[in-house]
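Q: One file is attached below, coords_18.cif, containing mmCIF, C-alpha atoms.
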data_input
#
loop_
_atom_site.label_atom_id
_atom_site.label_comp_id
_atom_site.auth_asym_id
_atom_site.auth_seq_id
_atom_site.Cartn_x
_atom_site.Cartn_y
_atom_site.Cartn_z
CA MET F 11 -17.62 22.58 -7.16
CA MET F 12 -16.19 19.36 -5.81
CA GLN F 13 -15.19 16.84 -8.46
CA PHE F 14 -16.67 13.44 -7.74
CA TYR F 15 -14.97 11.56 -10.51
CA THR F 16 -11.48 11.17 -11.91
CA GLU F 17 -10.53 11.84 -15.49
CA LYS F 18 -12.27 9.35 -17.71
CA THR F 19 -9.42 8.56 -20.04
CA ARG F 20 -5.79 9.32 -20.28
CA GLU F 21 -5.42 7.96 -23.75
CA ASN F 22 -3.56 10.96 -24.98
CA GLU F 23 -0.96 10.67 -22.30
CA GLN F 24 2.22 9.09 -23.44
CA PRO F 25 5.66 8.66 -21.99
CA ASN F 26 8.09 11.41 -22.81
CA GLN F 27 9.86 10.98 -26.16
CA GLU F 28 13.19 11.34 -24.33
CA ILE F 29 12.43 8.13 -22.46
CA ILE F 30 11.89 6.24 -25.70
CA GLN F 31 15.17 7.60 -27.03
CA TYR F 32 16.93 6.73 -23.77
CA LEU F 33 15.70 3.14 -24.04
CA ILE F 34 16.86 2.83 -27.64
CA ASN F 35 20.29 4.20 -26.72
CA TYR F 36 20.45 2.00 -23.62
CA SER F 37 19.79 -1.02 -25.77
CA LYS F 38 22.43 -0.05 -28.33
CA GLU F 39 25.03 0.44 -25.62
CA LEU F 40 24.27 -2.80 -23.81
CA ARG F 41 26.23 -5.91 -24.59
CA ILE F 42 25.72 -9.08 -22.62
CA VAL F 43 28.55 -11.55 -22.70
CA LYS F 44 28.09 -15.08 -21.49
CA THR F 45 31.02 -16.62 -19.67
CA ASN F 46 32.05 -20.26 -19.71
CA GLU F 47 30.31 -20.84 -16.39
CA ASN F 48 27.02 -19.68 -17.87
CA HIS F 49 27.14 -16.37 -16.03
CA CYS F 50 26.32 -13.13 -17.79
CA ILE F 51 28.39 -9.98 -17.80
CA GLU F 52 26.64 -6.74 -18.71
CA LEU F 53 28.72 -4.26 -20.63
CA HIS F 54 27.43 -0.71 -21.02
CA LEU F 55 29.36 0.84 -23.85
CA ASN F 56 29.19 4.60 -23.65
CA MET Y 27 -0.83 -2.20 -52.10
CA GLU Y 28 -1.18 -3.98 -48.79
CA SER Y 29 1.40 -3.10 -46.17
CA LYS Y 30 2.64 -5.98 -44.12
CA VAL Y 31 2.84 -5.50 -40.34
CA ILE Y 32 5.64 -7.39 -38.69
CA SER Y 33 4.37 -9.36 -35.70
CA ASP Y 34 5.66 -8.82 -32.17
CA SER Y 35 7.04 -12.30 -32.20
CA LYS Y 36 9.09 -11.62 -35.34
CA LEU Y 37 10.37 -8.30 -34.01
CA VAL Y 38 11.39 -9.92 -30.72
CA LYS Y 39 13.16 -12.69 -32.58
CA ASN Y 40 15.01 -10.21 -34.77
CA TYR Y 41 15.96 -8.13 -31.75
CA ILE Y 42 17.30 -11.15 -29.90
CA ASN Y 43 19.34 -11.96 -33.01
CA GLY Y 44 20.96 -8.56 -32.87
CA CYS Y 45 18.67 -6.30 -34.92
CA GLU Y 46 18.61 -3.15 -32.78
CA LYS Y 47 16.10 -1.50 -35.09
CA SER Y 48 13.42 -3.98 -34.04
CA LEU Y 49 13.22 -2.52 -30.55
CA GLU Y 50 11.76 0.86 -31.49
CA PRO Y 51 8.62 -0.45 -33.23
CA LEU Y 52 8.00 -2.74 -30.26
CA ILE Y 53 8.15 0.17 -27.84
CA LEU Y 54 6.13 2.52 -30.05
CA ARG Y 55 3.47 -0.09 -30.71
CA HIS Y 56 2.75 -0.75 -27.06
CA LYS Y 57 3.91 2.38 -25.24
CA GLN Y 58 0.46 3.93 -24.84
CA ARG Y 59 -1.19 0.83 -23.44
CA ILE Y 60 1.63 0.08 -21.02
CA PHE Y 61 2.00 3.69 -19.94
CA SER Y 62 -1.76 4.12 -19.44
CA PHE Y 63 -1.82 0.99 -17.31
CA ILE Y 64 1.01 2.22 -15.08
CA ARG Y 65 -0.42 5.74 -14.93
CA SER Y 66 -3.84 4.42 -13.89
CA LYS Y 67 -2.22 2.68 -10.93
CA VAL Y 68 0.27 5.24 -9.64
CA LEU Y 69 -1.69 8.40 -10.59
CA ASP Y 70 1.48 10.39 -11.07
CA LYS Y 71 2.96 11.10 -14.50
CA GLU Y 72 6.59 11.30 -13.40
CA VAL Y 73 6.40 8.11 -11.35
CA ALA Y 74 4.64 6.42 -14.25
CA GLU Y 75 7.44 7.48 -16.59
CA ASP Y 76 10.06 6.07 -14.21
CA ILE Y 77 8.22 2.76 -13.98
CA PHE Y 78 7.70 2.69 -17.75
CA GLN Y 79 11.42 3.18 -18.26
CA ASP Y 80 12.32 0.50 -15.70
CA THR Y 81 9.86 -1.87 -17.34
CA PHE Y 82 11.58 -1.61 -20.72
CA ILE Y 83 15.04 -1.79 -19.16
CA LYS Y 84 13.98 -5.15 -17.72
CA VAL Y 85 12.57 -6.14 -21.10
CA ILE Y 86 15.81 -5.21 -22.86
CA ASN Y 87 17.99 -7.00 -20.29
CA THR Y 88 15.88 -10.16 -20.42
CA LEU Y 89 15.79 -10.26 -24.20
CA LYS Y 90 19.53 -9.64 -24.50
CA ARG Y 91 20.31 -12.33 -21.95
CA GLY Y 92 18.29 -14.76 -24.01
CA SER Y 93 16.04 -15.48 -21.01
CA TYR Y 94 12.80 -14.54 -22.79
CA ASN Y 95 10.30 -17.37 -22.89
CA GLU Y 96 8.52 -17.41 -26.21
CA GLU Y 97 5.60 -19.38 -24.75
CA GLY Y 98 3.62 -16.29 -23.83
CA LYS Y 99 2.88 -13.23 -25.93
CA PHE Y 100 5.07 -10.16 -25.77
CA LEU Y 101 2.55 -7.56 -24.55
CA PRO Y 102 1.12 -9.62 -21.65
CA TRP Y 103 4.68 -10.38 -20.60
CA VAL Y 104 5.62 -6.67 -20.57
CA MET Y 105 2.39 -5.86 -18.74
CA ARG Y 106 3.30 -8.39 -16.06
CA ILE Y 107 6.70 -6.75 -15.61
CA ALA Y 108 5.01 -3.33 -15.35
CA HIS Y 109 2.49 -4.71 -12.87
CA ASN Y 110 5.26 -6.16 -10.67
CA LEU Y 111 7.16 -2.87 -10.74
CA VAL Y 112 4.00 -0.99 -9.72
CA ILE Y 113 3.64 -3.36 -6.75
CA ASP Y 114 7.32 -2.82 -5.87
CA TYR Y 115 6.74 0.93 -5.99
CA PHE Y 116 3.83 0.75 -3.53
CA ARG Y 117 5.72 -1.63 -1.22
CA LYS Y 118 8.70 0.69 -1.16
CA ASN Y 119 6.53 3.72 -0.49
CA LYS Y 120 4.74 1.97 2.33
CA ARG Y 121 8.01 1.20 4.07
CA ILE Y 122 9.20 4.77 3.98
CA PRO Y 123 6.94 7.04 6.06
CA ARG Y 124 6.07 10.15 4.07
CA PHE Y 125 5.02 13.39 5.66
CA ASN Y 126 4.74 17.04 4.87
CA ASN Y 127 7.27 18.94 6.84
CA THR Y 128 5.15 21.81 8.14
CA ASP Y 129 4.88 23.61 11.45
CA GLU Y 130 1.63 21.79 12.14
CA PHE Y 131 3.18 18.39 11.61
CA ASP Y 132 3.83 16.40 14.75
CA ILE Y 133 6.63 13.88 14.24
CA PHE Y 134 5.33 11.85 17.21
CA SER Y 135 2.16 11.10 15.28
CA VAL Y 136 4.36 8.99 13.00
CA ILE Y 137 6.87 7.52 15.41
CA SER Y 138 4.74 7.21 18.55
CA ASP Y 139 5.41 4.16 20.69
CA SER Y 140 2.47 1.88 21.35
CA VAL Y 141 3.95 0.88 24.72
CA LEU Y 142 2.82 3.19 27.51
CA ASN Y 143 5.56 5.31 29.01
CA ILE Y 144 5.97 5.65 32.79
CA GLU Y 145 3.81 8.77 32.97
CA LYS Y 146 0.97 7.15 31.04
CA GLN Y 147 1.24 4.00 33.15
CA LEU Y 148 0.84 6.09 36.33
CA ILE Y 149 -2.16 7.93 34.90
CA ARG Y 150 -3.75 4.65 33.82
CA ALA Y 151 -3.24 3.15 37.30
CA GLN Y 152 -4.76 6.28 38.84
CA ILE Y 153 -7.80 6.05 36.56
CA LEU Y 154 -8.38 2.40 37.47
CA GLU Y 155 -8.11 3.30 41.14
CA ASP Y 156 -10.61 6.18 40.75
CA VAL Y 157 -13.08 3.91 38.95
CA LYS Y 158 -12.83 1.34 41.76
CA GLY Y 159 -13.58 4.08 44.26
CA LEU Y 160 -16.69 5.08 42.28
CA ILE Y 161 -17.97 1.54 41.93
CA VAL Y 162 -18.09 1.25 45.74
CA GLU Y 163 -20.68 4.03 45.77
CA LEU Y 164 -23.08 2.15 43.48
CA PRO Y 165 -26.14 0.30 44.82
CA ASP Y 166 -25.24 -3.32 45.66
CA ASP Y 167 -27.27 -5.00 42.89
CA GLN Y 168 -25.70 -2.73 40.22
CA LYS Y 169 -22.22 -3.08 41.73
CA GLN Y 170 -22.53 -6.86 41.71
CA VAL Y 171 -23.44 -7.02 37.99
CA LEU Y 172 -20.79 -4.49 36.96
CA VAL Y 173 -18.00 -6.30 38.85
CA MET Y 174 -19.01 -9.65 37.38
CA ARG Y 175 -19.15 -8.24 33.86
CA MET Y 176 -16.13 -5.92 33.82
CA TYR Y 177 -13.70 -7.51 36.28
CA LYS Y 178 -14.63 -11.20 36.09
CA ASP Y 179 -15.47 -11.07 32.37
CA MET Y 180 -18.67 -13.06 32.84
CA SER Y 181 -21.41 -13.18 30.22
CA PHE Y 182 -24.89 -11.87 31.08
CA LYS Y 183 -26.13 -15.46 30.97
CA GLU Y 184 -23.56 -16.44 33.62
CA ILE Y 185 -24.39 -13.35 35.68
CA SER Y 186 -28.09 -14.27 35.47
CA GLU Y 187 -27.38 -17.81 36.67
CA ASN Y 188 -25.13 -16.63 39.52
CA THR Y 189 -27.37 -13.89 40.82
CA GLY Y 190 -30.73 -15.61 40.28
CA VAL Y 191 -32.20 -12.81 38.17
CA SER Y 192 -33.21 -12.83 34.51
CA ILE Y 193 -30.78 -11.78 31.78
CA ASN Y 194 -32.93 -8.71 31.12
CA THR Y 195 -32.71 -7.66 34.74
CA ALA Y 196 -28.93 -8.15 34.70
CA LEU Y 197 -28.72 -6.03 31.54
CA GLY Y 198 -30.88 -3.36 33.12
CA ARG Y 199 -28.71 -3.28 36.26
CA MET Y 200 -25.59 -2.94 34.11
CA ARG Y 201 -27.18 -0.07 32.22
CA TYR Y 202 -28.12 1.74 35.44
CA ALA Y 203 -24.66 1.03 36.86
CA LEU Y 204 -23.05 2.82 33.90
CA ILE Y 205 -25.54 5.73 34.08
CA ASN Y 206 -24.84 6.12 37.78
CA LEU Y 207 -21.08 5.87 37.23
CA ARG Y 208 -21.28 8.77 34.77
CA LYS Y 209 -23.26 10.77 37.33
CA LEU Y 210 -20.66 10.02 40.01
CA ILE Y 211 -17.82 11.05 37.69
CA LYS Y 212 -19.58 14.33 37.07
CA LYS Y 213 -20.37 14.81 40.75
CA HIS Y 214 -16.77 14.22 41.84
CA GLU Y 215 -15.43 16.16 38.84
CA ILE Y 216 -13.05 13.37 37.95
CA ASN Y 217 -11.16 13.43 34.67
CA LEU Y 218 -10.78 9.88 33.37
CA VAL Y 219 -8.76 10.57 30.23
CA ASN Y 220 -5.38 8.99 29.63
#
Rewrite the structure of this file - the entire thing - as structure tokens.
A:
Amino acid sequence: MMQFYTEKTRENEQPNQEIIQYLINYSKELRIVKTNENHCIELHLN
Amino acid sequence: MESKVISDSKLVKNYINGCEKSLEPLILRHKQRIFSFIRSKVLDKEVAEDIFQDTFIKVINTLKRGSYNEEGKFLPWVMRIAHNLVIDYFRKNKRIPRFNNTDEFDIFSVISDSVLNIEKQLIRAQILEDVKGLIVELPDDQKQVLVMRMYKDMSFKEISENTGVSINTALGRMRYALINLRKLIKKHEINLVN
């Protein structure tokens, strides 16, 4: 039978745990250094 | 014993001051709401995950640069970033034509040129010529109305004034002119398709 409606809720859907971990690691590895001219340099420390 | 929940504002402040541990509770606290919002827009889990990730990368970069404006609240700010990234996603997808590469797919349905090519121009000219030839065969009163309406772009009011008949009569003549044209097309077995 044809479905006339979409799923009501997607409350149980969550982003993959790996993404959360990636973001935490990304944050830890990121250093932003401000130069004298008020520019920013992004340093990704792997 | 009452457990004390640290506010978003405090966590953000701590994170900006170098406390890496403050990021995780911020993400965990709001991940479902932000992800559900993105998912409801893009309707694809993998795309939603990409946008969710990009959203927090922007959040992290902005906070670390010290560009975060404390005026607004954290969640609405993140939702705005997510919303903008969803818009970017749709804009990008619109620019790139997507198609299923099957045997039935006709590439010219995507890249067709709106300008008529030489062949189509010739066919069009031929059709116009054929129609003119058919109009000549119409009764004079019908021919007169049809020419005024179709070639001189006159309104039925103007046609009525110029021919001295009522608007209803002009409309009736136009109707019969079209009926008779169809009959003539059928009679002469003319194909008027470009």
Q: Selection in question (the file shown): the PyMOL selection byres ((chain F) within 7 of (chain Y)). Which residues does it include, as a short mmCIF file (atom, residue, chain, number, x, y, z; two decimals) with C-alpha atoms, in the coordinates of the input?
A:
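This is the output file part_1.cif:
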data_model
loop_
_atom_site.label_atom_id
_atom_site.label_comp_id
_atom_site.auth_asym_id
_atom_site.auth_seq_id
_atom_site.Cartn_x
_atom_site.Cartn_y
_atom_site.Cartn_z
CA ARG F 20 -5.79 9.32 -20.28
CA GLU F 21 -5.42 7.96 -23.75
CA GLN F 24 2.22 9.09 -23.44
CA PRO F 25 5.66 8.66 -21.99
CA ILE F 29 12.43 8.13 -22.46
CA LEU F 33 15.70 3.14 -24.04
CA ILE F 34 16.86 2.83 -27.64
CA SER F 37 19.79 -1.02 -25.77
CA LYS F 38 22.43 -0.05 -28.33
CA ILE F 42 25.72 -9.08 -22.62
#
Q: Rank nothing, just name the residue among Y:Pro51, Y:Gly190, Y:Gly159, Y:Pro102 nearest to Ile216 in chain Y, using all atoms listed in the file.
A: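 Closest residue, counting all atoms listed in the file: Y:Gly159.
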Q: Separation of CA of His109 in chain Y and CA of Ile64 in chain Y, in Å?
A: 7.4 Å
Q: One decimal, Å: what's the distance from CA of Asn217 in chain Y over to CA of Asp156 in chain Y, could you say?
A: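 CA of Asp156 in chain Y lies at a distance of 9.5 Å from CA of Asn217 in chain Y.
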Q: Edge lengths and centre, in Å to one decimal, as AutoDock Vina command-line options: that's what I need for the box along x, y and z that holds all listed atoms of range 29-33 of chain F plus 4 Å on each side.
A:
--center_x 14.4 --center_y 5.6 --center_z -24.7 --size_x 13.0 --size_y 13.0 --size_z 12.6
Q: What is the distance, in Å and to one decimal place, between CA of Phe182 in chain Y and CA of Lys209 in chain Y?
A: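 Computed distance, CA of Phe182 in chain Y to CA of Lys209 in chain Y, equals 23.5 Å.
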Q: Please return as an MDAnalysis selection string every residue within 12 Å of (-15.0, -5.5, 38.6), taking into account all atoms listed in the file and the file's own coordinates.
A: chainID Y and resid 154:155 157:162 168:180 200 203
Q: Grab the residues selected above and save them as an mmCIF file, in the coordinates of the input with C-alpha atoms.
A:
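After the write, result04.cif holds the following:
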data_model
loop_
_atom_site.group_PDB
_atom_site.id
_atom_site.type_symbol
_atom_site.label_atom_id
_atom_site.label_comp_id
_atom_site.auth_asym_id
_atom_site.auth_seq_id
_atom_site.Cartn_x
_atom_site.Cartn_y
_atom_site.Cartn_z
ATOM 1 C CA LEU Y 154 -8.380 2.400 37.470
ATOM 2 C CA GLU Y 155 -8.110 3.300 41.140
ATOM 3 C CA VAL Y 157 -13.080 3.910 38.950
ATOM 4 C CA LYS Y 158 -12.830 1.340 41.760
ATOM 5 C CA GLY Y 159 -13.580 4.080 44.260
ATOM 6 C CA LEU Y 160 -16.690 5.080 42.280
ATOM 7 C CA ILE Y 161 -17.970 1.540 41.930
ATOM 8 C CA VAL Y 162 -18.090 1.250 45.740
ATOM 9 C CA GLN Y 168 -25.700 -2.730 40.220
ATOM 10 C CA LYS Y 169 -22.220 -3.080 41.730
ATOM 11 C CA GLN Y 170 -22.530 -6.860 41.710
ATOM 12 C CA VAL Y 171 -23.440 -7.020 37.990
ATOM 13 C CA LEU Y 172 -20.790 -4.490 36.960
ATOM 14 C CA VAL Y 173 -18.000 -6.300 38.850
ATOM 15 C CA MET Y 174 -19.010 -9.650 37.380
ATOM 16 C CA ARG Y 175 -19.150 -8.240 33.860
ATOM 17 C CA MET Y 176 -16.130 -5.920 33.820
ATOM 18 C CA TYR Y 177 -13.700 -7.510 36.280
ATOM 19 C CA LYS Y 178 -14.630 -11.200 36.090
ATOM 20 C CA ASP Y 179 -15.470 -11.070 32.370
ATOM 21 C CA MET Y 180 -18.670 -13.060 32.840
ATOM 22 C CA MET Y 200 -25.590 -2.940 34.110
ATOM 23 C CA ALA Y 203 -24.660 1.030 36.860
#
Q: Out of Y:Arg150, Y:Arg55, Y:Lys183, Y:His214, which residue has the shortest atom-to-atom distance to Leu101 in chain Y when counting all atoms listed in the file?
A: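 Distance minimum relative to Leu101 in chain Y lands on Y:Arg55.
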